[in-house]
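Inspection log for the structure reproduced underneath, given as structure tokens.
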There are 2 protein chains.
Amino acid sequence: MKALVFDGEVRLRSDCPLPVPAPDEALVRVRLAGICGTDLEICRGYKRFRGVLGHEFVGEVVESADSGWAGRRACGEINIACRQCDLCGRGLPTHCRRRRVLGILGHDGAFAEYLTIPLANLHSVPDSVPDDEAVFVEPLAAALRIVQQVPLGSGDRVVVLGDGRLGILCAQVLAGAGATVTVVGHHDEKLSVLRDLGIQAEHLWSGAPGSVDAVVEATGSELGFREAIPMLRPGGTLILKSTRAGLTTADLTAVAVNELHIVGSRCGPFPEAIAALQQETVRVRPLIHGVYSLDQGVRALQRAGEASVLKILLRMEE
Amino acid sequence: MKALVFDGEVRLRSDCPLPVPAPDEALVRVRLAGICGTDLEICRGYKRFRGVLGHEFVGEVVESADSGWAGRRACGEINIACRQCDLCGRGLPTHCRRRRVLGILGHDGAFAEYLTIPLANLHSVPDSVPDDEAVFVEPLAAALRIVQQVPLGSGDRVVVLGDGRLGILCAQVLAGAGATVTVVGHHDEKLSVLRDLGIQAEHLWSGAPGSVDAVVEATGSELGFREAIPMLRPGGTLILKSTRAGLTTADLTAVAVNELHIVGSRCGPFPEAIAALQQETVRVRPLIHGVYSLDQGVRALQRAGEASVLKILLRMEE
């Protein structure tokens with residue numbers, strides 16, 4: 001089969017063997033996949049991953065031990081848990097100590113004609129959610145993770161730092177929860193997508209220091225942390241969404257004195273993400289900046305790395 | 001009256017005017033006061049405070065608009081709130097935007113024969129709690145703040161970084177809540193105080209990385225943060241008690257990926273602290289390493305700054 005592979009560099013291969021599902025896995029024919037910042041990081045060496053890239057997808061189950069899945073359209077959670085370690089036992093399978101992660105760690109990913117994934121990871125996609133929305137379930141779930149962790153809603157003032165793909169989804173989720181949201185970003189094109197969605201978006205934050213209830217750090221840069229701390233009111237919360245923030249130098253005195261909370265936030269609930277798309281409480285199509293065929297995958301990855309570009313999709317079918 | 005004053009350097013003055021209580025304040029004759037790390041920081045320039053030092057005290061109310069207080073033994077909360085700003089309105093008076101802080105910010109402190117303090121800040125000390133225990137109410141309340149913020153108890157493995165005054169109180173509070181506590185510190189004398197209290201204490205942490213449910217950072221050093229992060233299990237909590245941690249360089253990637261929580265923690269509940277002393281669930285006398293008269297105050301501050309020394313008290317009466 002054809003697949004977009006990283007083996008030190010990105011290349012399209014047409015000779016990849018069809019993956020063989022384990023007894024608890026399904027074979028999925030990928031219909032559409034999304035390019036995420038993590039994919040771009042992997043191409044710069046992150047996690048030293050080697051194999052088929054990609055973890056945001058919607059596809060069709062073509063083979064599985066559970067015949068109920070056959071032919072169904074599905075998306076899939078990316079963390080493949082051992083279900084045996086202490087963290088799985090605590091109900092933290094996304095943190096499984098022996099986890100593999102689709103297209104990120106020890107398991108081939110979704111930029112391919114076919115992938116394998118445990119049945120336990122699959123979520124059926126309702127007919128009312130088309131492919132080009134369903135492909136956003138994974139990143140939208142990550143955005144929804146915030147409101148699972150931090151009770152934010154009506155009356156709360158929230159700043160989202162970063163106008164990228166994840167920032168825009170987080171902003172919509174928080175606005176949907178009733179919070180007053182301002183996104184701070186640096187790209188005119190992205191800020192205008194936000195304004196079209198009815199969300200306040202600024203180049204520079206103009207609020208008073210110490211006035212904000214929560215800040216979502218979604219810049220992917222080490223600057224976000226330092227910018228966020230002085231914005232927060234005492235008792236406020238900083239949500240760290242950037243999994244590649246890197247080294248930062250920060251004065252933690254303010255965190256202690258102002259009793260701030262900092263919450264790391266990664267993968268989130270698929271059912272809530274599917275429901276949000278079904279109920280149209282979050283709009284994802286305005287984020288689509290291009291759809292490429294798998295054959296054009298290398299070019300698609302380059303495009304996804306451009307500063308002004310939001311979501312680039314890969315369509316697997318010819 | 002006599003008082004220990006910081007005006008760029010520490011000096012004992014005997015010509016300080018007797019403070020005059022405002023209508024909502026009491027005049028308190030100080031009996032015993034405790035020297036805290038913050039007092040030592042102030043003598044190094046922290047907060048640019050000028051005036052009478054000290055914020056840990058027990059005394060006797062000698063004058064107040066509320067006659068019910070006259071003659072009663074009391075300790076007092078250190079944050080003097082405006083009761084009018086948005087944070088006071090939110091029930092966060094310890095974070096009042098216009099707060100003064102006893103002996104720390106805009107209000108003379110407790111290393112003096114007399115102090116003034118709002119009646120709203122006073123807490124009556126029961127007869128069963130002697131002065132040399134009651135003087136620990138303020139720092140013990142700060143330690144109890146942790147269990148107000150983070151639900152820690154039976155089955156939780158907690159590491160306290162720092163074997164100082166605050167670290168030992170935090171360790172006792174957490175052990176009392178049922179957690180399995182290990183203190184990591186560098187001073188034999190302090191570690192043996194901990195062991196005498198029945199708490200595991202080590203020079204070097206010997207646990208497995210990623211195994212601890214919570215770490216309390218009470219080192220007062222910027223190293224604590226970096227040490228703590230790799231100890232924590234995914235979903236674990238770092239409690240920052242050091243209000244003078246200073247600049248630190250840290251990789252926040254692990255905070256996001258492992259969904260860690262970081263919680264700043266400062267002042268705590270006086271009623272719970274008084275109850276803990278009354279019920280003898282926390283032992284404070286083993287921390288007393290010296291009692292000095294106010295006349296010996298400069299020497300007492302020097303002594304409190306020695307690495308192996310725990311709590312130094314100042315007795316105001318001759």
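Ordered as shown in the structure tokens, chains take letters A, B, and onward, while each chain numbers its residues from 1 and ligands are numbered from 1 in the order shown.
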
**Q.** Pro23 of chain A surroundings by only C-alpha atoms, 7 Å radius, close-in-sequence under 2 positions cut, as a ChimeraX atom specification
**A.** /A:21,25,65

(Q) Could you tell me which residues of chain B sit within 7 Å of chain A when counting only C-alpha atoms, and give me the result as a list in words? (A)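 Residues satisfying the distance criterion: His95, Pro234, Leu240, Lys241, Ser242, Thr243, Arg244, Ala245, Gly246, Leu247, Thr248, Thr249, Ala250, Asp251, Leu252, Thr253, Val255, Ala256, Val257, Asn258, Glu259, Leu260, His261, Ile262, Val263, Gly264, Ser265 and Arg266 of chain B.
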
(Q) Can you measure atom CA of Ala70 of chain A to atom CA of Lys2 of chain A for me? One decimal in Å is fine. (A)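 Going from atom CA of Ala70 of chain A over to atom CA of Lys2 of chain A covers 22.2 Å.
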
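Note that atom CA of Arg165 of chain B and atom CA of His203 of chain B are 16.5 Å apart.
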
Q: Compile the contact shell of Glu9 of chain A as an NGL selection string: residues with an atom at most 12 Å away, counting only C-alpha atoms, same-chain residues fewer than 3 positions apart removed.
A: :A and (4-6 or 12-13 or 40 or 42-45 or 48-53 or 298 or 301)

Write the residues of the preceding selection, restricted to N, CA and C atoms, as a CSV table (one decimal), in the first residue's frame.
chain,number,residue,atom,x,y,z
A,4,LEU,N,2.8,7.6,3.8
A,4,LEU,CA,3.8,8.7,4.0
A,4,LEU,C,4.6,8.3,5.2
A,5,VAL,N,5.9,8.1,5.0
A,5,VAL,CA,6.7,7.5,6.0
A,5,VAL,C,7.8,8.4,6.5
A,6,PHE,N,8.2,8.4,7.7
A,6,PHE,CA,9.4,9.2,8.2
A,6,PHE,C,10.4,8.2,8.6
A,12,LEU,N,7.1,9.4,0.4
A,12,LEU,CA,6.0,8.6,0.0
A,12,LEU,C,6.5,7.3,-0.5
A,13,ARG,N,6.0,6.2,0.2
A,13,ARG,CA,6.3,4.9,-0.3
A,13,ARG,C,5.1,4.2,-0.8
A,40,LEU,N,4.6,17.5,12.3
A,40,LEU,CA,5.7,18.3,11.8
A,40,LEU,C,6.9,18.2,12.8
A,42,ILE,N,7.7,15.6,14.6
A,42,ILE,CA,8.3,14.3,14.3
A,42,ILE,C,9.2,14.3,13.2
A,43,CYS,N,8.9,15.1,12.2
A,43,CYS,CA,9.7,15.2,11.0
A,43,CYS,C,11.0,16.0,11.3
A,44,ARG,N,11.0,16.7,12.5
A,44,ARG,CA,12.2,17.4,13.0
A,44,ARG,C,12.9,16.5,14.1
A,45,GLY,N,12.4,15.3,14.3
A,45,GLY,CA,13.1,14.4,15.2
A,45,GLY,C,12.4,14.0,16.5
A,48,ARG,N,11.9,10.5,18.1
A,48,ARG,CA,12.7,9.6,17.3
A,48,ARG,C,11.8,8.5,16.6
A,49,PHE,N,10.6,9.0,16.2
A,49,PHE,CA,9.7,8.0,15.6
A,49,PHE,C,10.1,7.7,14.2
A,50,ARG,N,10.0,6.4,13.9
A,50,ARG,CA,10.2,5.9,12.5
A,50,ARG,C,9.0,5.1,12.1
A,51,GLY,N,8.4,5.5,10.9
A,51,GLY,CA,7.3,4.7,10.5
A,51,GLY,C,6.3,5.6,9.7
A,52,VAL,N,5.0,5.0,9.6
A,52,VAL,CA,4.0,5.8,9.0
A,52,VAL,C,3.5,6.9,9.9
A,53,LEU,N,3.5,8.1,9.4
A,53,LEU,CA,3.1,9.3,10.1
A,53,LEU,C,1.6,9.4,10.3
A,298,VAL,N,4.1,14.9,0.7
A,298,VAL,CA,5.3,15.6,1.1
A,298,VAL,C,5.0,17.1,1.0
A,301,LEU,N,2.7,18.3,3.8
A,301,LEU,CA,3.4,18.6,5.1
A,301,LEU,C,4.1,19.9,5.1

Q: Rank nothing, just name the residue among A:Ala134, A:Ala33, A:Glu41, A:Leu105 nearest to Ile274 of chain A, using only C-alpha atoms.
A: A:Ala134
